[in-house]
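With compact mmCIF, C-alpha atoms and all ligand atoms inside, this is entry_17.txt:
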# COMPACT_ATOMS: atom_id res chain seq x y z
CA MET A 1 0.00 0.00 0.00
CA ARG A 2 1.20 3.54 -0.74
CA ASP A 3 2.33 5.69 2.16
CA VAL A 4 1.52 9.07 0.60
CA ASN A 5 2.60 10.96 3.73
CA LEU A 6 6.04 9.39 3.46
CA GLU A 7 6.19 10.20 -0.26
CA LEU A 8 5.23 13.82 0.39
CA GLY A 9 7.77 14.11 3.24
CA GLY A 10 10.40 12.88 0.79
CA LEU A 11 9.41 15.38 -1.91
CA LEU A 12 9.62 18.22 0.61
CA LEU A 13 13.10 17.06 1.56
CA ASP A 14 13.96 17.10 -2.15
CA MET A 15 12.87 20.75 -2.23
CA ALA A 16 14.88 21.40 0.94
CA ALA A 17 17.98 19.89 -0.69
CA LEU A 18 17.53 22.20 -3.70
CA ALA A 19 17.09 25.25 -1.48
CA GLY A 20 20.16 24.44 0.64
CA THR A 21 20.69 26.32 3.89
CA SER A 22 18.45 29.22 2.90
CA GLN A 23 15.34 30.23 4.83
CA ARG A 24 13.27 28.39 2.24
CA GLY A 25 15.32 25.26 2.80
CA TRP A 26 14.52 25.26 6.50
CA GLY A 27 10.88 25.88 5.72
CA TYR A 28 10.71 22.77 3.53
CA LYS A 29 12.45 20.71 6.20
CA ARG A 30 9.93 21.86 8.79
CA ALA A 31 7.06 21.05 6.46
CA ALA A 32 8.53 17.58 5.79
CA LYS A 33 8.69 16.87 9.52
CA ALA A 34 5.14 18.11 10.02
CA VAL A 35 3.90 15.75 7.31
CA LEU A 36 5.87 12.73 8.56
CA ARG A 37 4.53 13.34 12.10
CA LEU A 38 0.93 13.73 11.04
CA ASP A 39 -1.20 10.91 12.43
CA ARG A 40 -3.76 11.12 9.61
CA HIS A 41 -3.35 10.27 5.94
CA ILE A 42 -3.20 13.36 3.76
CA THR A 43 -5.16 11.97 0.80
CA PRO A 44 -8.64 12.59 2.27
CA LEU A 45 -7.49 15.97 3.64
CA VAL A 46 -6.25 17.07 0.22
CA GLU A 47 -9.43 15.83 -1.42
CA ALA A 48 -11.56 17.70 1.12
CA ASN A 49 -9.46 20.85 0.70
CA THR A 50 -8.59 20.92 4.42
CA PHE A 51 -4.90 20.01 4.20
CA ARG A 52 -3.81 23.65 4.07
CA GLY A 53 -5.46 24.33 7.40
CA ILE A 54 -2.93 22.15 9.21
CA SER A 55 -0.19 24.04 11.01
CA GLY A 56 3.16 23.96 9.22
CA ILE A 57 1.53 23.46 5.80
CA GLY A 58 1.96 26.37 3.38
CA PRO A 59 0.69 26.93 -0.17
CA THR A 60 3.66 25.23 -1.89
CA THR A 61 3.36 22.11 0.25
CA ASP A 62 -0.35 22.09 -0.49
CA ARG A 63 0.36 22.31 -4.22
CA ILE A 64 2.90 19.47 -4.12
CA ALA A 65 0.49 17.34 -2.07
CA ARG A 66 -2.31 17.99 -4.54
CA GLU A 67 -0.14 16.92 -7.49
CA LEU A 68 1.04 13.83 -5.61
CA VAL A 69 -2.48 12.74 -4.68
CA LEU A 70 -4.01 13.45 -8.09
CA ASP A 71 -1.15 12.47 -10.45
CA GLY A 72 0.98 10.14 -8.32
CA THR A 73 3.95 12.45 -8.85
CA SER A 74 4.74 16.17 -8.53
CA ALA A 75 5.55 17.97 -11.78
CA PHE A 76 6.48 21.01 -9.69
CA VAL A 77 9.18 19.14 -7.74
CA GLU A 78 10.51 17.18 -10.72
CA GLY A 79 10.72 20.40 -12.76
CA ALA A 80 12.60 22.16 -9.95
CA ILE A 81 15.09 19.27 -9.71
CA ASP A 82 15.82 19.35 -13.44
CA GLU A 83 16.04 23.14 -13.50
CA ALA A 84 18.62 23.02 -10.71
CA GLY A 85 20.55 20.23 -12.48
CA LYS A 86 20.53 18.17 -9.29
CA ARG A 87 18.85 14.98 -10.48
CA ASP A 88 21.83 12.80 -9.41
CA VAL A 89 21.98 13.95 -5.83
CA ILE A 90 18.21 13.79 -5.35
CA GLU A 91 17.96 10.27 -6.78
CA LYS A 92 20.70 9.20 -4.39
CA ASN A 93 18.76 10.57 -1.39
CA ARG A 94 15.62 8.85 -2.67
CA GLY A 95 17.45 5.55 -2.39
CA PHE A 96 17.58 6.06 1.38
CA ARG A 97 13.81 6.07 1.99
CA ALA A 98 12.84 2.43 1.62
CA HIS A 99 11.01 0.55 4.39
CA PHE A 100 10.28 3.61 6.49
CA LEU A 101 6.81 4.31 7.89
CA SER A 102 5.16 7.70 8.32
CA ARG A 103 3.37 8.29 11.60
CA ALA A 104 0.03 7.87 9.83
CA ALA A 105 1.15 4.43 8.60
CA VAL A 106 2.27 3.55 12.14
CA ALA A 107 -1.13 4.65 13.48
CA ASP A 108 -2.82 2.34 10.95
CA VAL A 109 -0.76 -0.65 12.04
CA LEU A 110 -1.47 0.05 15.72
CA SER A 111 -5.14 0.94 15.24
CA HIS A 112 -6.36 -2.57 16.00
CA ALA A 113 -5.60 -4.75 19.00
CA GLY A 114 -2.79 -7.16 18.30
CA ALA A 115 0.66 -8.30 19.20
CA PRO A 116 3.16 -7.12 20.07
CA SER A 117 0.90 -5.08 22.29
CA ARG A 118 1.16 -1.37 22.95
CA ALA A 119 -0.40 -1.78 26.42
CA LYS A 120 1.76 -4.64 27.67
CA TYR A 121 5.07 -3.06 26.71
CA ARG A 122 7.05 -2.92 29.98
CA GLY A 123 10.03 -0.73 29.22
CA ASP A 124 12.48 0.66 26.75
CA PHE A 125 16.14 -0.42 26.57
CA GLN A 126 17.76 2.37 24.64
CA MET A 127 17.59 5.97 25.80
CA HIS A 128 19.99 8.79 26.56
CA SER A 129 20.06 11.19 29.51
CA VAL A 130 22.00 14.30 30.48
CA TRP A 131 24.85 11.91 31.39
CA SER A 132 25.70 11.84 27.66
CA ASP A 133 23.86 13.56 24.79
CA GLY A 134 20.29 13.39 26.11
CA ALA A 135 18.25 16.34 27.38
CA GLU A 136 16.62 14.79 30.46
CA THR A 137 17.67 13.90 34.00
CA LEU A 138 17.28 10.35 35.31
CA ASP A 139 14.54 11.42 37.74
CA SER A 140 12.45 13.06 35.06
CA ILE A 141 12.92 10.02 32.80
CA VAL A 142 11.29 7.84 35.48
CA GLU A 143 8.31 10.19 35.63
CA ALA A 144 8.00 10.32 31.82
CA CYS A 145 8.09 6.51 31.64
CA LEU A 146 5.54 6.13 34.44
CA VAL A 147 3.18 8.49 32.61
CA ARG A 148 3.44 6.12 29.64
CA GLY A 149 2.59 3.14 31.84
CA HIS A 150 6.05 1.60 31.73
CA ALA A 151 7.41 -0.51 34.60
CA CYS A 152 11.09 -0.20 33.79
CA ALA A 153 13.68 1.48 31.58
CA GLY A 154 17.23 0.80 30.55
CA ILE A 155 19.46 3.87 30.52
CA THR A 156 22.07 3.60 27.77
CA ASP A 157 24.21 6.68 27.67
CA HIS A 158 27.16 6.60 25.29
CA SER A 159 30.48 5.03 26.22
CA TYR A 160 33.66 7.13 26.46
CA GLY A 161 34.68 6.04 22.95
CA LEU A 162 32.04 8.29 21.42
CA ALA A 163 33.34 11.67 22.55
CA ILE A 164 31.20 13.51 19.99
CA ALA A 165 28.07 12.32 21.86
CA GLY A 166 29.45 13.22 25.29
CA GLY A 167 30.37 9.62 26.14
CA MET A 168 30.75 8.94 29.88
CA SER A 169 34.13 8.46 31.53
CA MET A 170 34.34 5.49 33.88
CA ALA A 171 34.35 7.90 36.84
CA GLN A 172 31.02 9.29 35.56
CA VAL A 173 29.69 5.76 35.15
CA VAL A 174 30.33 5.10 38.86
CA GLU A 175 28.48 8.30 39.77
CA GLN A 176 25.61 7.51 37.44
CA HIS A 177 25.23 4.04 38.94
CA ALA A 178 25.01 5.51 42.44
CA ALA A 179 22.25 7.82 41.17
CA ILE A 180 20.40 4.86 39.60
CA ASP A 181 20.68 2.93 42.90
CA GLN A 182 19.01 5.85 44.67
CA ILE A 183 16.24 5.97 42.09
CA ASN A 184 15.62 2.25 42.40
CA ALA A 185 15.42 2.56 46.20
CA LYS A 186 12.97 5.44 45.88
CA TYR A 187 10.70 3.74 43.31
CA LYS A 188 11.01 0.20 44.69
CA GLY A 189 8.06 -1.91 43.58
CA LYS A 190 6.87 0.81 41.19
CA PHE A 191 9.66 1.24 38.70
CA ARG A 192 13.03 -0.32 37.95
CA MET A 193 15.84 1.47 36.12
CA PHE A 194 18.50 -0.79 34.58
CA LYS A 195 22.14 0.20 34.22
CA GLY A 196 22.96 -0.03 30.56
CA ILE A 197 25.48 1.44 28.15
CA GLU A 198 25.53 2.04 24.42
CA THR A 199 28.97 0.99 23.27
CA ASN A 200 30.46 1.65 19.90
CA ILE A 201 31.30 -1.12 17.46
CA ARG A 202 34.81 -0.44 16.23
CA THR A 203 35.71 -1.11 12.61
CA ASP A 204 37.26 -4.46 13.65
CA GLY A 205 34.01 -5.60 15.29
CA THR A 206 35.10 -5.27 18.92
CA VAL A 207 33.30 -2.84 21.21
CA ASP A 208 35.14 0.17 22.59
CA MET A 209 35.29 -0.86 26.27
CA GLU A 210 37.34 -3.32 28.29
CA GLU A 211 35.70 -6.47 29.60
CA HIS A 212 36.04 -5.45 33.26
CA GLU A 213 34.30 -2.18 32.38
CA LEU A 214 31.45 -3.90 30.54
CA ARG A 215 30.88 -6.09 33.61
CA LEU A 216 29.81 -3.02 35.62
CA PHE A 217 26.56 -2.79 33.61
CA GLU A 218 23.38 -4.82 33.85
CA PHE A 219 23.13 -4.94 30.07
CA VAL A 220 25.21 -3.80 27.12
CA VAL A 221 24.04 -2.43 23.77
CA ALA A 222 26.57 -2.44 20.92
CA SER A 223 25.88 -0.13 17.96
CA PRO A 224 27.66 1.00 14.81
CA HIS A 225 28.37 4.76 14.64
CA SER A 226 31.02 4.78 11.91
CA LEU A 227 31.47 3.58 8.31
CA LEU A 228 27.77 4.12 7.68
CA ARG A 229 28.07 5.55 4.16
CA LYS A 230 30.40 2.92 2.69
CA THR A 231 29.30 0.16 0.37
CA ILE A 232 32.07 -2.23 1.53
CA ASP A 233 30.92 -5.50 3.05
CA GLN A 234 30.94 -5.33 6.87
CA THR A 235 29.64 -8.79 7.73
CA ASP A 236 32.76 -9.66 9.76
CA ARG A 237 32.45 -6.46 11.78
CA MET A 238 28.82 -7.10 12.69
CA VAL A 239 29.28 -10.83 13.36
CA GLY A 240 32.21 -9.84 15.59
CA ALA A 241 30.01 -7.44 17.54
CA VAL A 242 27.28 -9.98 18.31
CA SER A 243 29.90 -12.62 19.12
CA GLN A 244 31.48 -10.55 21.84
CA ARG A 245 30.84 -11.68 25.39
CA GLY A 246 28.67 -9.35 27.41
CA VAL A 247 26.87 -7.82 24.42
CA CYS A 248 23.09 -8.24 24.85
CA ILE A 249 21.53 -6.02 22.18
CA LEU A 250 22.69 -5.07 18.68
CA GLY A 251 21.56 -1.42 18.58
CA HIS A 252 20.31 0.22 15.34
CA PRO A 253 22.09 -2.56 13.40
CA GLN A 254 22.30 -0.78 10.04
CA GLY A 255 22.96 2.75 11.20
CA ARG A 256 20.85 4.06 8.34
CA ARG A 257 19.18 7.50 8.33
CA PHE A 258 16.12 8.55 6.37
CA ASN A 259 17.10 10.42 3.21
CA VAL A 260 20.72 10.68 4.39
CA ARG A 261 22.69 7.42 4.32
CA PRO A 262 22.32 3.69 3.73
CA GLY A 263 24.16 2.43 6.81
CA VAL A 264 26.20 -0.77 7.04
CA SER A 265 26.21 -3.26 4.15
CA ALA A 266 26.43 -6.84 5.39
CA ASP A 267 25.17 -10.36 4.85
CA TRP A 268 22.45 -9.83 7.41
CA ASN A 269 21.41 -13.47 7.52
CA ALA A 270 24.93 -14.36 8.65
CA VAL A 271 24.78 -11.63 11.30
CA PHE A 272 21.36 -12.79 12.48
CA GLU A 273 22.50 -16.42 12.70
CA ALA A 274 25.45 -15.40 14.86
CA ALA A 275 23.16 -13.24 17.03
CA ALA A 276 20.63 -16.05 17.41
CA ARG A 277 23.34 -18.48 18.54
CA ARG A 278 24.29 -16.13 21.38
CA GLN A 279 20.74 -14.91 22.01
CA VAL A 280 21.76 -11.33 21.27
CA ALA A 281 18.60 -9.30 20.68
CA ILE A 282 18.29 -7.45 17.37
CA GLU A 283 17.05 -3.94 18.03
CA ILE A 284 14.24 -2.27 16.19
CA ASP A 285 15.23 1.32 16.87
CA GLY A 286 12.06 3.41 16.60
CA SER A 287 13.59 6.84 16.00
CA TRP A 288 11.57 8.22 13.09
CA ASP A 289 14.66 8.77 10.94
CA ARG A 290 16.30 5.43 11.83
CA GLN A 291 13.58 2.69 11.89
CA ASP A 292 16.43 0.22 12.14
CA VAL A 293 16.11 -2.72 11.56
CA HIS A 294 12.98 -2.33 9.46
CA TYR A 295 10.17 -4.87 9.16
CA GLU A 296 11.67 -6.81 6.24
CA LEU A 297 15.05 -7.33 7.88
CA ALA A 298 13.27 -8.05 11.18
CA ALA A 299 11.28 -10.81 9.47
CA ALA A 300 14.54 -12.30 8.19
CA ALA A 301 16.01 -12.15 11.70
CA LEU A 302 12.91 -13.86 13.07
CA GLU A 303 13.34 -16.66 10.56
CA ARG A 304 16.91 -17.11 11.80
CA GLY A 305 15.63 -17.48 15.38
CA CYS A 306 16.58 -14.07 16.83
CA LEU A 307 15.32 -12.27 19.90
CA PHE A 308 14.38 -8.59 19.61
CA ALA A 309 14.46 -5.31 21.54
CA LEU A 310 12.00 -2.54 20.58
CA ASP A 311 13.49 0.75 21.70
CA SER A 312 12.96 4.48 21.26
CA ASP A 313 16.59 5.67 21.36
CA ALA A 314 15.02 8.76 22.98
CA HIS A 315 17.13 11.81 23.72
CA SER A 316 14.17 13.74 25.18
CA HIS A 317 10.77 12.83 26.64
CA PRO A 318 8.61 13.26 23.53
CA GLU A 319 10.92 10.82 21.73
CA LEU A 320 9.96 8.03 24.12
CA ASP A 321 6.90 7.68 21.89
CA PHE A 322 9.14 6.38 19.10
CA ILE A 323 8.49 2.91 20.55
CA ASP A 324 5.20 3.05 18.62
CA ILE A 325 7.22 3.02 15.40
CA ALA A 326 9.28 0.07 16.65
CA ILE A 327 6.14 -1.84 17.67
CA ALA A 328 4.60 -1.19 14.24
CA HIS A 329 7.65 -2.65 12.46
CA ALA A 330 7.58 -5.66 14.80
CA ARG A 331 3.91 -6.24 13.99
CA LEU A 332 4.56 -6.04 10.26
CA ALA A 333 7.40 -8.54 10.71
CA GLY A 334 5.09 -10.87 12.66
CA ILE A 335 7.35 -11.10 15.71
CA PRO A 336 5.78 -13.01 18.61
CA GLN A 337 5.73 -10.98 21.84
CA ALA A 338 7.56 -13.74 23.72
CA ARG A 339 10.65 -13.12 21.55
CA ILE A 340 10.86 -9.44 22.56
CA VAL A 341 12.85 -8.60 25.70
CA ASN A 342 10.77 -5.48 26.43
CA TYR A 343 7.86 -7.72 27.45
CA TRP A 344 9.87 -9.89 29.83
CA SER A 345 9.75 -9.77 33.63
CA GLU A 346 12.63 -8.13 35.46
CA LYS A 347 13.89 -11.55 36.54
CA LYS A 348 13.85 -13.03 33.07
CA PHE A 349 15.48 -9.95 31.55
CA LEU A 350 18.32 -9.94 34.07
CA GLU A 351 18.95 -13.68 33.74
CA TRP A 352 19.16 -13.31 29.98
CA ALA A 353 21.44 -10.27 30.22
CA ARG A 354 23.79 -11.95 32.70
CA GLY A 355 23.80 -15.03 30.50
CA SER A 356 25.47 -13.00 27.74
CA TRP A 357 28.76 -13.63 29.59
CA ASP A 358 28.41 -17.41 29.38
CA ARG A 359 26.88 -18.11 25.99
ZN ZN B 1 23.54 4.96 18.72
Output the structure of this file as structure tokens.
Amino acid sequence: MRDVNLELGGLLLDMAALAGTSQRGWGYKRAAKAVLRLDRHITPLVEANTFRGISGIGPTTDRIARELVLDGTSAFVEGAIDEAGKRDVIEKNRGFRAHFLSRAAVADVLSHAGAPSRAKYRGDFQMHSVWSDGAETLDSIVEACLVRGHACAGITDHSYGLAIAGGMSMAQVVEQHAAIDQINAKYKGKFRMFKGIETNIRTDGTVDMEEHELRLFEFVVASPHSLLRKTIDQTDRMVGAVSQRGVCILGHPQGRRFNVRPGVSADWNAVFEAAARRQVAIEIDGSWDRQDVHYELAAAALERGCLFALDSDAHSHPELDFIDIAIAHARLAGIPQARIVNYWSEKKFLEWARGSWDR
């Protein structure tokens, strides 16, 4: 089925790319975000002439939407691309939009009761706080999770290897863990915060922390943050990451970004087989511009026997809602709830995480 909102968001980003860093460029970017975050499909709005009434939607966006809905393409956008002589660059960006869902498409998938369930989701295992590049304190994260009905959360600030994202020194880790202990004492029986870390997968497939450091955490996420625009085969790197003792979750496995970059190229079935052997969970990262892994790769991972983690990768409270996107991909992939660590009890989760040292 067509996701017209996603198509329109893409066309607006095409216009933004043509306009560059000008005021107009920012305007198109804002409009693209507004469209991708809309929880209703635009087709009926355009047909009813009410699309323009939505905040963030100007006359040009309305025109492009109208062409897209009526003709299946926008002569206005295609003409602008050719006039600017930027066909090559735009087509390249367009290659980085496959298997993403707009918020309206996510709302469709979640509109009926089903599994994995929105209501039974217990907690999110990738999020960032003020201890690295997130905006929120640990205390306020607990409150934001409780409001959403969650029973637990795994805090995964960046490791010291990722200086650009304010990675924590080991001295800061010790301080953070003391703060988490206090939180867990305060919320005992109501909420449990797990001590996690998002480590970096180096180019050789090892993670950027020593084993005795990794052992300080209750669970470890390993994610690629480099070599995400190369077409070289990185199967060995990713197999290495999931083979490393202590690693529990393979975070945003591809490292792709909507309209920006393709992420890691690898023989994913080989990676998934290695992950399944060690019971490393494959993450479905729900950030709107990541959606990584997407439903098709997730279905392949399921076939290989993998476990999964559905996470928001939130850096601020509103982003905690990105788990909806992750749940939608999991539903499309047909993943049984029992295979998803976010639905497990505290006891089962911790046993599994500790087991990552012995498998
Ligand atoms: Zn990351």
Subject >> Long-range neighbours of segment 130-139 of chain A as number ranges by chain, 12 Å cut-off, all atoms listed in the file, 2 positions minimum in chain >> reply: A: 126-128, 141-146, 153-184, 186-187, 191-195, 197-198, 313-320
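The binding environment of ligand ZN 1 (chain B), defined as every protein, DNA or RNA residue with an atom no more than 8 Å away and counting only C-alpha atoms and all ligand atoms, comprises His158, Glu198, Asn200, Ser223, Pro224, His225, Gly251, His252, Gly255 and Asp313 of chain A.
Atom pair atom CA of Ala17 of chain A / atom CA of Ser312 of chain A has a distance of 27.3 Å (rounded to one decimal).
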Original post:
Near Ala333 of chain A, counting all atoms listed in the file, which residues have an atom at most 9 Å away, once you skip same-chain residues fewer than 3 positions from it, shown as JSON, numbers by chain?
Top reply: {"A": [294, 295, 296, 297, 298, 299, 300, 302, 328, 329, 330]}
Original post:
With distances taken over all atoms listed in the file, which of A:Asp3, A:Asp324, A:Asp236, A:Glu210 is nearest to Arg40 of chain A?
Top reply: A:Asp3
**OP:** Take atom CA of Phe76 of chain A and atom CA of Arg256 of chain A and report the distance between them in Å, one decimal.
**Re:** 28.6 Å
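Atom CA of Gly9 of chain A is found 8.3 Å from atom CA of Ala34 of chain A.
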**OP:** Select, counting only C-alpha atoms, all protein, DNA and RNA residues no farther than 9 Å from (16.9, 4.3, -0.1) in file coordinates, and express the selection as a PyMOL selection string.
**Re:** chain A and resi 92-99+258-262
**OP:** With a distance cut-off of 6 Å and all atoms listed in the file, select the neighbouring residues of Ile284 of chain A, excluding the residue or stretch itself and same-chain residues fewer than 3 positions from it, and output the selection as number ranges by chain.
**Re:** A: 292-293, 310, 326
Taking C-alpha atoms for each residue, export the selection above as a PDB file, in the frame of the given file.
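Okay, this is what ended up in selection.pdb:
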ATOM      1  CA  ASP A 292      16.430   0.220  12.140  1.00  0.00           C
ATOM      2  CA  VAL A 293      16.110  -2.720  11.560  1.00  0.00           C
ATOM      3  CA  LEU A 310      12.000  -2.540  20.580  1.00  0.00           C
ATOM      4  CA  ALA A 326       9.280   0.070  16.650  1.00  0.00           C
TER       5      ALA A 326
END
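The smallest atom-to-atom distance between Leu8 of chain A and any of A:Ser287, A:Gln337, A:Ser243, A:Thr60, using all atoms listed in the file, is found for A:Thr60.
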Name the residues in contact with Trp268 of chain A at a cut-off of 10 Å, using all atoms listed in the file, excluding same-chain residues fewer than 5 positions from it; report them as a CSV table (one decimal) with C-alpha atoms, in the coordinates of the input.
chain,number,residue,atom,x,y,z
A,234,GLN,CA,30.9,-5.3,6.9
A,235,THR,CA,29.6,-8.8,7.7
A,238,MET,CA,28.8,-7.1,12.7
A,239,VAL,CA,29.3,-10.8,13.4
A,253,PRO,CA,22.1,-2.6,13.4
A,254,GLN,CA,22.3,-0.8,10.0
A,273,GLU,CA,22.5,-16.4,12.7
A,274,ALA,CA,25.4,-15.4,14.9
A,297,LEU,CA,15.0,-7.3,7.9
A,300,ALA,CA,14.5,-12.3,8.2
A,301,ALA,CA,16.0,-12.2,11.7
**OP:** Find, counting only C-alpha atoms, the residue in A:Ala222, A:Val271, A:Ile325, A:Ala353 that gets nearest to Pro116 of chain A.
**Re:** A:Ile325
